[in-house]
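> Here you go, this is final-v3.cif (mmCIF, C-alpha atoms and all ligand atoms).
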```cif
data_run
#
loop_
_atom_site.label_atom_id
_atom_site.label_comp_id
_atom_site.auth_asym_id
_atom_site.auth_seq_id
_atom_site.Cartn_x
_atom_site.Cartn_y
_atom_site.Cartn_z
CA MET A 928 18.01 64.48 45.23
CA ALA A 929 14.48 64.32 43.88
CA GLY A 930 13.15 64.48 40.36
CA ASP A 931 16.11 63.04 38.46
CA GLY A 932 14.46 62.85 35.04
CA ALA A 933 17.17 60.71 33.46
CA GLY A 934 16.94 58.14 36.31
CA ASP A 935 13.08 57.86 36.02
CA SER A 936 13.33 57.39 32.28
CA GLN A 937 15.99 54.73 32.70
CA GLY A 938 13.89 52.90 35.34
CA HIS A 939 10.81 53.11 33.12
CA ASP A 940 12.74 51.70 30.18
CA THR A 941 14.05 48.87 32.35
CA ASP A 942 10.50 47.98 33.51
CA GLU A 943 9.26 48.04 29.92
CA SER A 944 12.08 45.78 28.78
CA ARG A 945 11.39 43.34 31.62
CA ARG A 946 7.69 43.28 30.76
CA GLU A 947 8.51 42.65 27.06
CA PHE A 948 10.93 39.89 28.01
CA LEU A 949 8.33 38.23 30.26
CA LYS A 950 5.71 38.44 27.46
CA ILE A 951 8.09 36.82 24.96
CA ALA A 952 9.08 34.13 27.47
CA ALA A 953 5.40 33.36 28.20
CA ALA A 954 4.61 33.12 24.47
CA ALA A 955 7.60 30.84 23.87
CA SER A 956 6.54 28.57 26.76
CA ALA A 957 3.02 28.36 25.34
CA LEU A 958 4.37 27.42 21.91
CA LEU A 959 6.66 24.79 23.41
CA ALA A 960 3.72 23.35 25.37
CA ILE A 961 1.54 23.23 22.23
CA GLY A 962 4.39 21.60 20.32
CA GLY A 963 4.80 19.01 23.04
CA ILE A 964 1.09 18.20 23.05
CA ALA A 965 1.09 18.01 19.24
CA SER A 966 4.03 15.60 19.35
CA VAL A 967 2.24 13.39 21.84
CA MET A 968 -0.98 13.48 19.78
CA LYS A 969 0.96 12.67 16.61
CA ALA A 970 2.64 9.73 18.33
CA VAL A 971 -0.74 8.43 19.52
CA ILE A 972 -2.62 8.95 16.25
CA PHE A 973 0.23 8.01 13.89
CA PRO A 974 2.39 5.36 15.60
CA SER A 975 5.94 5.68 14.35
CA ILE A 976 7.27 3.14 11.88
CA PRO A 977 10.18 1.04 13.14
CA ALA A 978 13.35 2.71 11.88
CA ASN A 979 14.87 -0.61 10.85
CA GLY A 980 11.87 -1.74 8.75
CA PRO A 981 12.13 -2.20 4.98
CA SER A 982 11.62 0.98 2.98
CA SER A 983 11.60 -0.25 -0.61
CA PHE A 984 10.30 -3.16 -2.63
CA PRO A 985 12.63 -5.98 -3.66
CA ARG A 986 13.12 -7.10 -7.29
CA VAL A 987 12.44 -10.81 -7.36
CA LYS A 988 11.98 -13.32 -10.18
CA VAL A 989 8.51 -14.84 -9.85
CA ALA A 990 7.96 -16.72 -13.13
CA SER A 991 8.96 -16.82 -16.78
CA VAL A 992 6.87 -16.14 -19.86
CA ALA A 993 7.44 -19.70 -21.08
CA SER A 994 6.26 -21.22 -17.78
CA LEU A 995 2.77 -19.66 -17.85
CA SER A 996 -0.30 -21.12 -19.57
CA THR A 997 -3.31 -18.97 -20.39
CA GLY A 998 -5.89 -19.04 -17.59
CA VAL A 999 -3.73 -20.97 -15.11
CA PRO A 1000 -2.87 -18.86 -12.02
CA VAL A 1001 0.49 -19.47 -10.34
CA GLU A 1002 1.01 -18.49 -6.72
CA PHE A 1003 4.07 -16.64 -5.42
CA SER A 1004 4.96 -14.70 -2.28
CA TYR A 1005 5.63 -10.96 -2.47
CA PRO A 1006 6.74 -8.56 -1.01
CA LEU A 1007 6.87 -10.54 2.25
CA ASP A 1008 7.39 -14.27 2.46
CA ASN A 1009 3.95 -14.75 4.04
CA GLU A 1010 2.02 -12.66 1.48
CA PRO A 1011 0.51 -14.72 -1.37
CA ASN A 1012 -0.23 -13.36 -4.86
CA TYR A 1013 -1.25 -14.88 -8.17
CA ILE A 1014 0.35 -14.29 -11.56
CA ILE A 1015 -1.90 -15.08 -14.52
CA LYS A 1016 -1.64 -14.99 -18.29
CA LEU A 1017 -5.12 -13.71 -19.15
CA GLY A 1018 -5.12 -14.18 -22.91
CA THR A 1019 -6.38 -10.59 -23.18
CA LYS A 1020 -4.26 -7.43 -23.10
CA ALA A 1021 -4.51 -5.90 -19.64
CA GLU A 1022 -3.60 -2.74 -17.73
CA GLY A 1023 -0.12 -3.25 -16.29
CA GLY A 1024 0.22 -6.43 -18.33
CA VAL A 1025 3.66 -7.64 -19.44
CA GLY A 1026 4.98 -10.24 -21.85
CA PRO A 1027 4.72 -10.35 -25.64
CA ASP A 1028 0.93 -10.06 -25.51
CA GLY A 1029 0.74 -7.61 -22.59
CA ASP A 1030 -1.58 -10.03 -20.84
CA ILE A 1031 0.44 -11.25 -17.85
CA VAL A 1032 -0.67 -9.64 -14.60
CA ALA A 1033 -0.34 -10.33 -10.89
CA PHE A 1034 -2.47 -9.43 -7.87
CA SER A 1035 -2.62 -10.00 -4.15
CA ASP A 1036 -4.52 -13.12 -3.17
CA PHE A 1037 -6.48 -11.17 -0.55
CA CYS A 1038 -9.89 -9.70 -1.31
CA GLN A 1039 -9.95 -6.17 0.08
CA HIS A 1040 -13.28 -6.69 1.82
CA LEU A 1041 -12.35 -9.08 4.61
CA GLY A 1042 -9.30 -10.83 3.24
CA CYS A 1043 -10.69 -14.02 1.68
CA SER A 1044 -8.83 -15.70 -1.15
CA TRP A 1045 -10.46 -14.97 -4.53
CA GLY A 1046 -10.68 -17.37 -7.46
CA TYR A 1047 -9.94 -16.86 -11.14
CA VAL A 1048 -12.94 -17.06 -13.52
CA ALA A 1049 -12.26 -17.18 -17.27
CA PRO A 1050 -14.45 -15.19 -19.69
CA GLY A 1051 -17.72 -17.01 -20.36
CA SER A 1052 -17.32 -19.18 -17.24
CA SER A 1053 -18.96 -19.02 -13.82
CA SER A 1054 -17.78 -19.11 -10.25
CA LYS A 1055 -18.55 -22.41 -8.50
CA VAL A 1056 -20.21 -20.49 -5.69
CA ASN A 1057 -22.43 -18.51 -8.08
CA PRO A 1058 -23.27 -20.48 -11.23
CA SER A 1059 -25.67 -17.77 -12.38
CA TYR A 1060 -22.82 -15.29 -12.82
CA VAL A 1061 -21.05 -15.50 -16.17
CA ALA A 1062 -17.81 -13.55 -16.38
CA PRO A 1063 -17.75 -11.04 -19.27
CA GLU A 1064 -13.94 -10.86 -19.08
CA PRO A 1065 -11.25 -12.49 -16.93
CA VAL A 1066 -12.25 -11.73 -13.35
CA GLY A 1067 -11.34 -12.56 -9.79
CA TYR A 1068 -14.39 -13.75 -7.85
CA CYS A 1069 -14.39 -13.76 -4.05
CA PRO A 1070 -16.40 -16.72 -2.73
CA CYS A 1071 -17.06 -15.14 0.68
CA HIS A 1072 -19.37 -12.25 -0.22
CA GLY A 1073 -19.23 -12.06 -3.99
CA SER A 1074 -16.79 -9.25 -4.77
CA ILE A 1075 -15.81 -9.32 -8.44
CA PHE A 1076 -12.59 -7.80 -9.82
CA ASP A 1077 -11.84 -7.03 -13.48
CA LEU A 1078 -8.34 -8.43 -13.95
CA THR A 1079 -7.90 -6.62 -17.29
CA LYS A 1080 -8.45 -3.22 -15.59
CA SER A 1081 -6.10 -3.36 -12.60
CA ALA A 1082 -8.70 -5.37 -10.66
CA ARG A 1083 -11.26 -2.58 -10.43
CA VAL A 1084 -14.33 -3.64 -8.49
CA LEU A 1085 -17.19 -4.78 -10.74
CA GLY A 1086 -19.49 -5.84 -7.90
CA GLY A 1087 -19.74 -6.85 -4.27
CA PRO A 1088 -18.60 -5.17 -1.06
CA SER A 1089 -14.86 -4.79 -1.62
CA PRO A 1090 -14.00 -1.12 -1.00
CA ARG A 1091 -11.01 -1.16 -3.36
CA PRO A 1092 -9.31 -3.16 -6.13
CA LEU A 1093 -6.97 -6.04 -5.50
CA PRO A 1094 -3.45 -4.64 -5.01
CA GLN A 1095 -1.56 -5.15 -8.28
CA VAL A 1096 2.03 -6.38 -8.38
CA GLN A 1097 4.22 -4.40 -10.79
CA LEU A 1098 6.01 -6.75 -13.17
CA GLU A 1099 8.98 -6.49 -15.51
CA VAL A 1100 10.23 -8.95 -18.12
CA ASP A 1101 13.90 -9.22 -19.06
CA GLY A 1102 15.37 -10.17 -22.43
CA SER A 1103 15.29 -13.88 -21.66
CA GLY A 1104 11.61 -13.88 -20.69
CA ASP A 1105 12.07 -14.02 -16.94
CA ILE A 1106 9.38 -12.11 -15.04
CA TYR A 1107 10.25 -10.04 -11.98
CA ALA A 1108 8.08 -8.48 -9.30
CA VAL A 1109 9.44 -4.98 -8.67
CA GLY A 1110 6.78 -3.24 -6.62
CA MET A 1111 3.17 -3.27 -5.58
CA GLY A 1112 0.27 -0.88 -5.30
CA PRO A 1113 -0.93 -0.22 -1.76
CA PRO A 1114 -2.07 -1.88 0.40
CA SER A 1115 0.45 -4.59 -0.44
CA ILE A 1116 -0.13 -6.13 2.99
CA PHE A 1117 -3.83 -6.72 3.69
CA GLY A 1118 -5.07 -4.30 6.33
CA HIS A 1119 -2.11 -1.93 5.93
CA ASN A 1120 -1.79 1.46 4.33
CA THR A 1121 -5.16 2.30 2.85
CA GLY A 1122 -4.31 5.98 2.53
CA SER A 1123 -0.66 6.69 3.19
CA THR A 1124 1.88 7.05 0.40
CA ASN A 1125 4.72 6.05 2.70
CA VAL A 1126 6.03 2.71 1.41
CA ALA A 1127 7.48 1.91 4.82
CA ASP A 1128 3.94 1.91 6.27
CA ASP A 1129 3.10 -0.90 3.91
CA LEU A 1130 5.95 -3.33 4.39
CA GLN A 1131 5.82 -4.16 8.08
CA GLY A 1132 4.87 -7.49 9.56
CA GLY A 1133 7.13 -10.06 7.96
CA THR A 1134 10.30 -10.82 6.10
CA LEU A 1135 10.97 -9.36 2.66
CA VAL A 1136 11.23 -11.87 -0.15
CA THR A 1137 14.73 -11.72 -1.52
CA THR A 1138 15.03 -14.78 -3.72
CA THR A 1139 13.00 -16.27 -6.52
CA SER A 1140 9.83 -18.09 -5.57
CA GLU A 1141 9.49 -19.81 -8.94
CA THR A 1142 9.24 -23.56 -8.50
CA SER A 1143 9.04 -24.79 -12.08
S1 LIG A 1201 -14.03 -11.14 1.79
FE1 LIG A 1201 -14.26 -10.95 -0.36
S2 LIG A 1201 -16.27 -10.21 -0.62
FE2 LIG A 1201 -16.04 -10.37 1.51
#
```
When written as structure tokens, how does the structure in this file appear?
Ligand code: FES


Amino acid sequence: MAGDGAGDSQGHDTDESRREFLKIAAAASALLAIGGIASVMKAVIFPSIPANGPSSFPRVKVASVASLSTGVPVEFSYPLDNEPNYIIKLGTKAEGGVGPDGDIVAFSDFCQHLGCSWGYVAPGSSSKVNPSYVAPEPVGYCPCHGSIFDLTKSARVLGGPSPRPLPQVQLEVDGSGDIYAVGMGPPSIFGHNTGSTNVADDLQGGTLVTTTSETS
């Protein structure tokens, strides 16, 4: 029997459906392939953070109001036990400052240029490595290449090659005058996290401090 219209139409519909199915399958395969490549690229460009790494800052006692003298920096480790910082009573109210006078601040010991240890310079004094420089306010002075940080303004860069301020440690004081470190602006670990807002990016490479580092 020739010319069965219903049969031709059914066969045509079947071919169309098969073609549509093959098109959808090809598109899905392409998307899966792109997704796979993207995943690989993401893994290469943004190495994953170890799942068991720390994800938040500890709260650790680092000093007490009574133990600090104006202009005398005291070292403590935070947030990792191999990361030095200095807490200083500036004698001048400061951004992020705590204590009765709002003048106690803390910063990473590492200059953000190449990681040298900076030195405290009181207002009206000079750095030993640059006697011609007289500090207009309490500053941190890096002896390696001369970066200068205004410690009253969250260590903004006043001069020299440092690309960013010293990371500031966030402090809290309790009712008895004990001072606690509770967080830190990035990059809390020198060389880490210069753009990410993911705290976990910034806490790798050591052991979190969990107990007081105060020695006095
Ligand atoms: S390491 Fe501090 S200015 Fe270069």

> At a cut-off of 12 Å, can you tabulate as CSV every residue of chain A near ligand LIG 1201 (chain A) together with its closest atom pair and the distance in Å to one decimal, using only C-alpha atoms and all ligand atoms and ordering rows by chain then number?


```
residue,atom,partner,partner_atom,distance
A:Asp1036,CA,A:LIG1201,FE1,10.4
A:Phe1037,CA,A:LIG1201,FE1,7.8
A:Cys1038,CA,A:LIG1201,FE1,4.6
A:Gln1039,CA,A:LIG1201,FE1,6.5
A:His1040,CA,A:LIG1201,S1,4.5
A:Leu1041,CA,A:LIG1201,S1,3.9
A:Gly1042,CA,A:LIG1201,S1,5.0
A:Cys1043,CA,A:LIG1201,S1,4.4
A:Ser1044,CA,A:LIG1201,FE1,7.3
A:Trp1045,CA,A:LIG1201,FE1,6.9
A:Gly1046,CA,A:LIG1201,FE1,10.2
A:Gly1067,CA,A:LIG1201,FE1,10.0
A:Tyr1068,CA,A:LIG1201,FE1,8.0
A:Cys1069,CA,A:LIG1201,FE1,4.6
A:Pro1070,CA,A:LIG1201,FE1,6.6
A:Cys1071,CA,A:LIG1201,FE2,4.9
A:His1072,CA,A:LIG1201,S2,3.7
A:Gly1073,CA,A:LIG1201,S2,4.9
A:Ser1074,CA,A:LIG1201,S2,4.3
A:Ile1075,CA,A:LIG1201,S2,7.9
A:Phe1076,CA,A:LIG1201,FE1,10.1
A:Val1084,CA,A:LIG1201,S2,10.4
A:Leu1085,CA,A:LIG1201,S2,11.5
A:Gly1086,CA,A:LIG1201,S2,9.1
A:Gly1087,CA,A:LIG1201,S2,6.1
A:Pro1088,CA,A:LIG1201,S2,5.6
A:Ser1089,CA,A:LIG1201,S2,5.7
A:Pro1090,CA,A:LIG1201,S2,9.4
A:Arg1091,CA,A:LIG1201,FE1,10.7
A:Pro1092,CA,A:LIG1201,FE1,10.9
A:Leu1093,CA,A:LIG1201,FE1,10.2
A:Phe1117,CA,A:LIG1201,S1,11.3
```

> Write the residues you've just listed into a file as a PDB file, keeping the file's coordinate frame, and include C-alpha atoms for each of them.


```pdb
ATOM      1  CA  ASP A1036      -4.520 -13.120  -3.170  1.00  0.00           C
ATOM      2  CA  PHE A1037      -6.480 -11.170  -0.550  1.00  0.00           C
ATOM      3  CA  CYS A1038      -9.890  -9.700  -1.310  1.00  0.00           C
ATOM      4  CA  GLN A1039      -9.950  -6.170   0.080  1.00  0.00           C
ATOM      5  CA  HIS A1040     -13.280  -6.690   1.820  1.00  0.00           C
ATOM      6  CA  LEU A1041     -12.350  -9.080   4.610  1.00  0.00           C
ATOM      7  CA  GLY A1042      -9.300 -10.830   3.240  1.00  0.00           C
ATOM      8  CA  CYS A1043     -10.690 -14.020   1.680  1.00  0.00           C
ATOM      9  CA  SER A1044      -8.830 -15.700  -1.150  1.00  0.00           C
ATOM     10  CA  TRP A1045     -10.460 -14.970  -4.530  1.00  0.00           C
ATOM     11  CA  GLY A1046     -10.680 -17.370  -7.460  1.00  0.00           C
ATOM     12  CA  GLY A1067     -11.340 -12.560  -9.790  1.00  0.00           C
ATOM     13  CA  TYR A1068     -14.390 -13.750  -7.850  1.00  0.00           C
ATOM     14  CA  CYS A1069     -14.390 -13.760  -4.050  1.00  0.00           C
ATOM     15  CA  PRO A1070     -16.400 -16.720  -2.730  1.00  0.00           C
ATOM     16  CA  CYS A1071     -17.060 -15.140   0.680  1.00  0.00           C
ATOM     17  CA  HIS A1072     -19.370 -12.250  -0.220  1.00  0.00           C
ATOM     18  CA  GLY A1073     -19.230 -12.060  -3.990  1.00  0.00           C
ATOM     19  CA  SER A1074     -16.790  -9.250  -4.770  1.00  0.00           C
ATOM     20  CA  ILE A1075     -15.810  -9.320  -8.440  1.00  0.00           C
ATOM     21  CA  PHE A1076     -12.590  -7.800  -9.820  1.00  0.00           C
ATOM     22  CA  VAL A1084     -14.330  -3.640  -8.490  1.00  0.00           C
ATOM     23  CA  LEU A1085     -17.190  -4.780 -10.740  1.00  0.00           C
ATOM     24  CA  GLY A1086     -19.490  -5.840  -7.900  1.00  0.00           C
ATOM     25  CA  GLY A1087     -19.740  -6.850  -4.270  1.00  0.00           C
ATOM     26  CA  PRO A1088     -18.600  -5.170  -1.060  1.00  0.00           C
ATOM     27  CA  SER A1089     -14.860  -4.790  -1.620  1.00  0.00           C
ATOM     28  CA  PRO A1090     -14.000  -1.120  -1.000  1.00  0.00           C
ATOM     29  CA  ARG A1091     -11.010  -1.160  -3.360  1.00  0.00           C
ATOM     30  CA  PRO A1092      -9.310  -3.160  -6.130  1.00  0.00           C
ATOM     31  CA  LEU A1093      -6.970  -6.040  -5.500  1.00  0.00           C
ATOM     32  CA  PHE A1117      -3.830  -6.720   3.690  1.00  0.00           C
TER      33      PHE A1117
END
```

> Hey, can you check how far atom CA of Val1001 of chain A sits from atom CA of Tyr1013 of chain A?

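Separation between atom CA of Val1001 of chain A and atom CA of Tyr1013 of chain A: 5.4 Å.
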
> How many Å separate atom CA of Met1111 of chain A from atom CA of Gln1097 of chain A?

5.4 Å

> So what do you get for atom CA of Ser1103 of chain A versus atom CA of Phe984 of chain A, distance-wise?

22.4 Å

> Extract, using only C-alpha atoms, all DNA, RNA and protein residues at most 8 Å from Val1048 of chain A, discarding same-chain residues fewer than 2 positions from it, and format them as a ChimeraX atom specification.

/A:1046,1050,1052-1054,1062,1065-1068

> Please list as a PyMOL selection string every residue within 9 Å of Ser1081 of chain A, counting only C-alpha atoms and excluding residues in the same chain fewer than 6 positions away.

chain A and resi 1021-1023+1032+1034+1092-1095

> Kindly indicate which residue among A:Val1056, A:Leu1135, A:Val1096, A:Ile1014 lies nearest to Gly998 of chain A, using all atoms listed in the file for the distances.

A:Ile1014

> From the options A:Pro1063, A:Pro1000, A:Pro1011, A:Pro1006, which residue's atoms come nearest to Gly1110 of chain A, counting only C-alpha atoms?

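Nearest candidate to Gly1110 of chain A out of A:Pro1063, A:Pro1000, A:Pro1011, A:Pro1006: A:Pro1006.
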
> Applying 10 Å and all atoms listed in the file, which residues near Arg986 of chain A remain after dropping the ones on its own chain fewer than 2 positions away? List them as an MDAnalysis selection string.

chainID A and resid 983:984 988:989 1005:1006 1097:1099 1106:1110 1136:1139
